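Engineer: Sending over a structure as structure tokens; questions will come in a sec.
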Amino acid sequence: MQSTLFIFVAAILASVYTQVSLPPGYEKRYPEYYKFSKQARHPRDITWDKNIGNGKVFGTLGQNDDGLFGKAGYKQQFFNDHRGKLEGQAYGTRVLGAAGDSTNFGGRLDWSNKNANAALDVSKQIGGRPNLSATGSGVWNFDKNTRLSAGGSLSTMGRGKPDVGVQAQFQHDF
């Protein structure tokens with residue numbers, strides 16, 4: 001979960017950093033043929049999603065300078081009632097490139113209700129070790145001014161010893 005959050009934040013920072021703003025008078029200093037490369041590559045990604053039964057099949061095929069890639073998966077909501085909301089997802093990726101190929105697959109379960117949430121993510125790279133990440137947190141109100149917040153995480157990331165994290169907070173507003 002932490003690595004997913006790190007990748008998500010890094011992707012946002014990269015996209016913000018790469019946005020270009022043109023200074024005033026840019027159009028006057030440079031002729032039109034210098035602004036855009038004639039060799040510009042157009043995106044060739046194909047993305048789809050289709051509802052099937054109670055779930056959704058999704059995928060992307062594409063290419064970039066590093067090679068070809070494909071991502072596909074299936075997502076389904078199992079229930080959304082007094083027990084909370086439970087969603088599951090199974091996914092796989094395949095990358096073909098000059099530096100090597102890789103194949104990953106995995107699955108994820110997310111459960112949440114009004115007080116707590118939990119997630120379990122299991123993945124494996126072909127030829128590698130399985131990765132396991134489990135997180136959970138909750139907030140319980142004792143009265144209108146007192147509450148307990150607690151959470152924890154467990155991650156193996158393919159190594160022998162797991163990383164474990166626990167946090168709790170008791171708060172009373174006077």
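In the structure tokens, chains take the letters A, B, ... in the order shown, each chain's residues start at 1, and ligands count up from 1 in the order shown.
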What lies within 8 Å of stretch 59-76 of chain A using only C-alpha atoms, ignoring chain neighbours under 3 positions off, as a ChimeraX atom specification?

Structural biologist: /A:44-49,54-56,87-98

Engineer: Calculated over only C-alpha atoms, which of the candidates A:Met157, A:Asp121, A:Pro162, A:Asp173 has the smallest distance to A:Asp143?

Structural biologist: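 Checking each of A:Met157, A:Asp121, A:Pro162, A:Asp173 against A:Asp143, counting only C-alpha atoms, the winner is A:Asp173.
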
Engineer: Could you state the separation of atom CA of A:Asp110 and atom CA of A:Asn131 in Å, given to one decimal place?

Structural biologist: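 Those two atoms sit 16.6 Å apart.
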
Engineer: Between A:His172, A:Lys124, A:Lys114, A:Arg129, which residue has the minimum interatomic distance to A:Asn80, considering only C-alpha atoms?

Structural biologist: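 The answer is A:Lys114, which sits nearest to A:Asn80.
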